[in-house]
Amino acid sequence: MLSSKIEKLTDQETSVKFLKDLMAHFVKEREWEKFHTPKNLAISICLESSELLEHFQWELSNEASLSPIRLAEIGEEMADVLAYLLSLANSLNIDLSSTFQDKMRKNNVKYPADKFRGTWEKK
């Protein structure tokens, strides 16, 4: 699996394992494992998240009206966050799918739909 020969797949066609493997291969090819410590990756996630947030700073218009160029830029920042998150999961050997499902189960208990429908306020 060479990074330069990746065919374009959609969310429906791609597994988290495939993305984690792709990220691991990218890091290994460049011999970056020594830099991809949990601390460095967590910092990188925060930094990339800030770059994503920057696209919405001072935004007054409806986000639904974002231009295709802006959406592409935002998508690239989201991909950067995802890349570091996948690399952190690899570094810590965390199964993101099962961890996400466990978290959603907890959220369903913590925020039951009948009590939180239509509101973000904690009760």
# chains A, B, ... in the order shown; residues from 1 in each chain; ligands from 1
call {"tool": "closest_atom_pairs", "arguments": {"of": "stretch 80-104 of chain A", "to": "stretch 11-24 of chain A", "cutoff": "7 Å", "atoms": "only C-alpha atoms", "output": "JSON lines"}}
result
{"residue": "A:Ala83", "atom": "CA", "partner": "A:Met23", "partner_atom": "CA", "distance": 6.6}
{"residue": "A:Leu86", "atom": "CA", "partner": "A:Lys20", "partner_atom": "CA", "distance": 5.4}
{"residue": "A:Ser87", "atom": "CA", "partner": "A:Met23", "partner_atom": "CA", "distance": 6.3}
{"residue": "A:Asn90", "atom": "CA", "partner": "A:Lys20", "partner_atom": "CA", "distance": 6.8}
call {"tool": "residues_around", "arguments": {"residues": "stretch 41-55 of chain A", "least_positions_apart": "4", "cutoff": "7 Å", "atoms": "only C-alpha atoms", "output": "list in words"}}
result
His36, Thr37, Ile74, Glu77, Met78, Asp80, Val81, Tyr84, Leu85 and Leu88 of chain A
call {"tool": "decode", "arguments": {"residues": "chain A", "atoms": "C-alpha atoms", "output": "short mmCIF file (atom, residue, chain, number, x, y, z; two decimals), in the first residue's frame"}}
result
data_model
loop_
_atom_site.label_atom_id
_atom_site.label_comp_id
_atom_site.auth_asym_id
_atom_site.auth_seq_id
_atom_site.Cartn_x
_atom_site.Cartn_y
_atom_site.Cartn_z
CA MET A 1 0.00 0.00 0.00
CA LEU A 2 1.91 3.03 -1.22
CA SER A 3 0.62 6.41 -0.07
CA SER A 4 1.03 7.89 -3.53
CA LYS A 5 -1.17 5.21 -5.12
CA ILE A 6 -4.21 5.51 -2.89
CA GLU A 7 -7.48 5.36 -4.74
CA LYS A 8 -10.18 7.73 -3.57
CA LEU A 9 -12.62 5.92 -1.30
CA THR A 10 -15.71 7.22 0.47
CA ASP A 11 -16.72 6.88 4.13
CA GLN A 12 -19.06 4.05 3.13
CA GLU A 13 -16.19 2.13 1.50
CA THR A 14 -13.46 2.65 4.10
CA SER A 15 -12.86 1.08 7.50
CA VAL A 16 -11.18 2.71 10.47
CA LYS A 17 -8.61 -0.10 10.32
CA PHE A 18 -7.77 0.85 6.74
CA LEU A 19 -7.25 4.49 7.77
CA LYS A 20 -5.13 3.50 10.78
CA ASP A 21 -3.03 1.21 8.58
CA LEU A 22 -2.64 3.96 5.99
CA MET A 23 -1.46 6.38 8.66
CA ALA A 24 0.92 3.82 10.18
CA HIS A 25 2.42 3.13 6.75
CA PHE A 26 2.86 6.86 6.09
CA VAL A 27 4.66 7.34 9.42
CA LYS A 28 6.81 4.22 9.00
CA GLU A 29 7.87 5.16 5.45
CA ARG A 30 9.29 8.42 6.81
CA GLU A 31 10.75 6.88 9.99
CA TRP A 32 8.72 9.28 12.14
CA GLU A 33 7.79 6.78 14.86
CA LYS A 34 10.28 8.35 17.30
CA PHE A 35 8.45 11.70 16.95
CA HIS A 36 4.94 10.25 17.22
CA THR A 37 4.82 9.99 20.99
CA PRO A 38 1.42 10.26 22.68
CA LYS A 39 2.31 13.72 24.05
CA ASN A 40 3.44 15.05 20.68
CA LEU A 41 0.41 13.61 18.92
CA ALA A 42 -2.02 15.02 21.49
CA ILE A 43 -0.40 18.45 21.09
CA SER A 44 -0.62 18.13 17.31
CA ILE A 45 -4.33 17.29 17.53
CA CYS A 46 -4.89 20.50 19.52
CA LEU A 47 -2.84 22.57 17.10
CA GLU A 48 -4.65 21.21 14.04
CA SER A 49 -8.01 21.66 15.80
CA SER A 50 -7.11 25.32 16.29
CA GLU A 51 -6.38 25.64 12.59
CA LEU A 52 -9.81 24.16 11.90
CA LEU A 53 -11.44 26.61 14.31
CA GLU A 54 -9.68 29.50 12.60
CA HIS A 55 -11.90 28.97 9.54
CA PHE A 56 -14.94 29.92 11.63
CA GLN A 57 -13.42 32.83 13.56
CA TRP A 58 -15.43 36.00 13.06
CA GLU A 59 -17.91 34.10 10.89
CA LEU A 60 -21.17 36.01 10.67
CA SER A 61 -22.85 34.21 7.80
CA ASN A 62 -24.63 30.88 7.79
CA GLU A 63 -22.12 28.02 7.56
CA ALA A 64 -24.44 26.35 5.04
CA SER A 65 -23.43 29.04 2.56
CA LEU A 66 -19.71 28.23 2.65
CA SER A 67 -18.09 28.18 -0.77
CA PRO A 68 -16.71 24.94 -2.20
CA ILE A 69 -13.19 26.33 -1.76
CA ARG A 70 -13.77 27.08 1.93
CA LEU A 71 -15.37 23.66 2.43
CA ALA A 72 -12.32 22.02 0.84
CA GLU A 73 -9.99 23.99 3.14
CA ILE A 74 -12.07 23.02 6.18
CA GLY A 75 -12.05 19.40 5.02
CA GLU A 76 -8.25 19.46 4.82
CA GLU A 77 -8.00 20.73 8.39
CA MET A 78 -10.42 18.02 9.49
CA ALA A 79 -8.24 15.45 7.72
CA ASP A 80 -5.17 16.77 9.57
CA VAL A 81 -6.97 16.32 12.92
CA LEU A 82 -8.04 12.82 11.88
CA ALA A 83 -4.51 11.89 10.78
CA TYR A 84 -3.06 12.76 14.17
CA LEU A 85 -5.96 11.08 15.98
CA LEU A 86 -5.41 7.88 14.00
CA SER A 87 -1.69 8.06 14.71
CA LEU A 88 -2.37 8.54 18.44
CA ALA A 89 -4.69 5.54 18.40
CA ASN A 90 -1.92 3.54 16.72
CA SER A 91 0.65 4.76 19.25
CA LEU A 92 -1.53 3.80 22.22
CA ASN A 93 -3.03 0.69 20.59
CA ILE A 94 -6.58 1.99 21.09
CA ASP A 95 -9.42 0.50 19.08
CA LEU A 96 -11.27 3.67 18.05
CA SER A 97 -14.44 1.93 16.88
CA SER A 98 -15.10 0.05 20.12
CA THR A 99 -14.00 3.04 22.22
CA PHE A 100 -16.36 5.33 20.31
CA GLN A 101 -19.25 2.89 20.71
CA ASP A 102 -18.58 2.63 24.47
CA LYS A 103 -18.55 6.43 24.73
CA MET A 104 -21.83 6.71 22.81
CA ARG A 105 -23.42 4.19 25.21
CA LYS A 106 -22.31 6.38 28.13
CA ASN A 107 -23.60 9.51 26.36
CA ASN A 108 -26.98 7.85 25.82
CA VAL A 109 -27.25 7.29 29.57
CA LYS A 110 -25.88 10.72 30.49
CA TYR A 111 -27.99 12.60 27.93
CA PRO A 112 -31.28 10.72 27.43
CA ALA A 113 -33.06 11.96 24.33
CA ASP A 114 -36.35 12.58 26.13
CA LYS A 115 -34.65 15.02 28.54
CA PHE A 116 -32.24 16.71 26.15
CA ARG A 117 -34.18 16.91 22.89
CA GLY A 118 -33.75 20.37 21.41
CA THR A 119 -31.49 21.74 24.16
CA TRP A 120 -27.78 21.73 24.91
CA GLU A 121 -28.19 22.84 28.53
CA LYS A 122 -27.28 20.33 31.22
CA LYS A 123 -30.10 19.70 33.68
#
